[in-house]
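> Once you've had a glance at the structure underneath, I'll fire off some questions.
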Amino acid sequence: MPSCPACGRSVAVARAACLYCGTALAPDPGAPSEPSRPTGAADEPSRLLLLLDLAATPLDVLAEALALSRYEAALHARRGGLHLVRAAGAGEAEAEAVRLRSGGAAPFVVPEAEVRALPVPCLAGERRGDVLVLRAGSASVTFPGPDALIVVRGTIAREYQSRDAPRRIATARPAEGRRLHLHRRNDPRPLEIDALNFETGFAASGSAQLEIDAWIEAVAGGVPRDDGFARLPPALAPALPEPGGALAAFGSLAAARGEAEGRLVLDNLAQFRFYSGCLAAVTRRRG
């Protein structure tokens with residue numbers, strides 16, 4: 001594991017700064033972590049992302065395309081999944097795609113706006129035969145429908161960080177979360193389910209998470225599913241507020257406790273959403 005250039009302690013490369021001393025760290029050149037966004041990036045909807053499928057790219061081609069040694073390329077290929085090569089404007093991205101294709105790679109060029117489309121929070125639902133009927137705000141949606149694309153699941157890591165002493169390590173951690181994204185072909189916004197903030201009605205298993213997992217197994221047998229997010233090191237950021245719902249208080253309990261004790265709650269939900277968005281965008285282009 002790499003070390004912090006300032007204090008010398010081992011650190012997770014997916015972090016933006018050292019957990020111990022706060023020194024900024026170089027980004028991980030591997031996993032498709034969320035790319036840095038320059039000032040004003042929110043106003044740049046035309047930015048494109050270049051992604052490579054590590055498992056589908058020949059080793060020599062991968063090493064040449066990413067300027068890696070053969071050994072480093074083999075480590076990337078072993079991990080598999082998607083690799084973010086670059087986030088750039090249209091002209092620069094297309095030029096880089098041409099370079100990669102000339103070397104034998106097959107990059108996917110996708111709009112950043114599609115990948116970052118905000119999810120639709122689903123706060124309640126039930127299984128009716130071979131479909132799920134979900135409540136998203138005041139509307140109801142069904143899944144899987146004729147445009148069902150892929151199901152992405154991920155565990156959300158959470159940590160406390162002291163506001164007054166950011167270099168101290170909190171030994172107690174809030175409970176992990178679970179997110180489920182149901183992607184559709186004709187809408188870049190995934191349907192997002194949080195087991196801690198979702199009403200299932202009567203759950204035969206006694207657990208909302210187990211009930212939702214059982215629903216997916218029953219109704220989404222023909223829909224591709226992905227659990228690869230578990231292989232990525234967490235990239236933590238300040239947790240966002242939970243969407244409203246009858247169970248929102250339970251999902252916000254850790255955040256409320258942390259605020260009362262002067263601690264900030266960090267999670268990798270943004271990383272999961274970016275990972276999920278990249279995977280869905282590439283799956284759409286594979287047909």
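Just so we're on the same page: first chain in the structure tokens is A, next is B, and so on; residues restart at 1 for each chain, and ligands are numbered from 1 in the order they show up.
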Where in segment 38-147 of chain A does DSSP assign strand (DSSP E), given as number ranges by chain?

A: 48-53, 82-88, 108-111, 120-122, 124-128, 131-136, 139-143

> Would you pick out the contacts of Arg47 of chain A at 9 Å or less, using only C-alpha atoms, so that residues sharing its chain but fewer than 4 positions from it are not included, and give the list as a PDB file with N, CA and C atoms, in the first residue's frame?


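The file below, result36.pdb, is the result:
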```pdb
ATOM      1  N   ALA A  41     -16.771  23.115 -13.409  1.00  0.00           N
ATOM      2  CA  ALA A  41     -17.089  21.869 -14.127  1.00  0.00           C
ATOM      3  C   ALA A  41     -18.580  21.606 -14.184  1.00  0.00           C
ATOM      4  N   ALA A  87     -11.000  12.423 -18.405  1.00  0.00           N
ATOM      5  CA  ALA A  87     -12.208  13.240 -18.514  1.00  0.00           C
ATOM      6  C   ALA A  87     -11.773  14.546 -19.167  1.00  0.00           C
ATOM      7  N   ALA A  88     -12.338  14.859 -20.330  1.00  0.00           N
ATOM      8  CA  ALA A  88     -11.850  16.014 -21.086  1.00  0.00           C
ATOM      9  C   ALA A  88     -12.961  16.571 -21.959  1.00  0.00           C
ATOM     10  N   GLY A  89     -12.670  17.722 -22.559  1.00  0.00           N
ATOM     11  CA  GLY A  89     -13.586  18.301 -23.525  1.00  0.00           C
ATOM     12  C   GLY A  89     -13.685  17.441 -24.763  1.00  0.00           C
ATOM     13  N   ALA A  90     -14.658  17.743 -25.608  1.00  0.00           N
ATOM     14  CA  ALA A  90     -14.948  16.876 -26.748  1.00  0.00           C
ATOM     15  C   ALA A  90     -13.746  16.678 -27.653  1.00  0.00           C
ATOM     16  N   ALA A  93     -10.931  14.651 -25.926  1.00  0.00           N
ATOM     17  CA  ALA A  93     -11.374  13.271 -25.683  1.00  0.00           C
ATOM     18  C   ALA A  93     -11.378  12.458 -26.978  1.00  0.00           C
ATOM     19  N   VAL A 110     -18.183   8.380 -23.382  1.00  0.00           N
ATOM     20  CA  VAL A 110     -19.540   8.628 -22.874  1.00  0.00           C
ATOM     21  C   VAL A 110     -19.622  10.034 -22.293  1.00  0.00           C
ATOM     22  N   PRO A 111     -20.761  10.695 -22.417  1.00  0.00           N
ATOM     23  CA  PRO A 111     -20.923  12.033 -21.830  1.00  0.00           C
ATOM     24  C   PRO A 111     -20.892  11.970 -20.305  1.00  0.00           C
ATOM     25  N   GLU A 112     -20.169  12.872 -19.700  1.00  0.00           N
ATOM     26  CA  GLU A 112     -20.116  12.906 -18.239  1.00  0.00           C
ATOM     27  C   GLU A 112     -21.497  13.169 -17.648  1.00  0.00           C
ATOM     28  N   ALA A 113     -22.293  13.979 -18.344  1.00  0.00           N
ATOM     29  CA  ALA A 113     -23.637  14.288 -17.837  1.00  0.00           C
ATOM     30  C   ALA A 113     -24.483  13.025 -17.717  1.00  0.00           C
TER      31      ALA A 113
END
```

> Write out as a VMD selection string each polymer residue whose atoms come within 10 Å of Ala117 of chain A, counting only C-alpha atoms; drop sequence neighbours fewer than 6 positions from it.

chain A and resid 187 to 190 273 to 274 277

> So which residues touch Arg173 of chain A within 7 Å, counting only C-alpha atoms, skipping near sequence neighbours fewer than 6 positions away, as a list in words?

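Counting only the stated atoms, we get Arg158, Glu159 and Tyr160 of chain A.
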
> Would you put the residues from that selection into a file with N, CA, C and O atoms, as a compact mmCIF listing (two decimals), in the first residue's frame?


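New file part-v3.txt:
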```txt
# COMPACT_ATOMS: atom_id res chain seq x y z
N ARG A 158 -18.87 3.89 5.74
CA ARG A 158 -19.08 5.13 6.48
C ARG A 158 -18.04 5.25 7.58
O ARG A 158 -17.66 4.26 8.21
N GLU A 159 -17.60 6.49 7.82
CA GLU A 159 -16.67 6.78 8.90
C GLU A 159 -17.02 8.11 9.53
O GLU A 159 -17.66 8.95 8.90
N TYR A 160 -16.57 8.30 10.77
CA TYR A 160 -16.67 9.60 11.42
C TYR A 160 -15.35 10.34 11.25
O TYR A 160 -14.28 9.74 11.27
```

> Pick from A:Leu191, A:Leu180, A:Leu68, A:Pro146: nearest to Val120 of chain A, with only C-alpha atoms counted?

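Answer, going by the shortest atom-to-atom distance: A:Leu191.
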
> Please provide the set of residues having any atom within 9 Å of Ala73 of chain A, restricted to only C-alpha atoms, with same-chain residues fewer than 6 positions apart removed, written as an NGL selection string.

:A and (54 or 59-60 or 62-64 or 66-67)

> For a quick check of understanding, using only C-alpha atoms, which of A:Ile156, A:Val282, A:Ala220, A:Ala195 has the smallest distance to Pro144 of chain A?

A:Ala220

> Would you give me, as an NGL selection string, the residues in segment 18-241 of chain A that DSSP reads as helix (DSSP H, G or I)?

:A and (41-43 or 59-66 or 70-79 or 90-102 or 112-115 or 195-197 or 208-219 or 228-231)

> When you count only C-alpha atoms, which of these residues is closest to Gly287 of chain A: A:Val61, A:Leu48, A:Ala55, A:Leu149?

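Closest residue, counting only C-alpha atoms: A:Leu149.
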
> Got a sec: who's within 10 Å of His181 of chain A, counting only C-alpha atoms, leaving out chain neighbours fewer than 2 positions off, as JSON, numbers by chain?

{"A": [119, 120, 121, 150, 151, 152, 153, 154, 179, 183, 184, 189, 190, 191, 192, 193, 194, 225, 226, 272, 273, 276, 277, 280]}

> Could you tell me which of A:Val131, A:Gly125, A:Ala175, A:Leu50 comes closest to Ala218 of chain A if we count only C-alpha atoms?

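Counting only C-alpha atoms, the residue closest to Ala218 of chain A is A:Val131.
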
> With distances taken over only C-alpha atoms, which residue among A:Glu92, A:Gly103, A:Arg231, A:Ala214 lies nearest Arg78 of chain A?

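That would be A:Arg231, the residue with the smallest distance to Arg78 of chain A.
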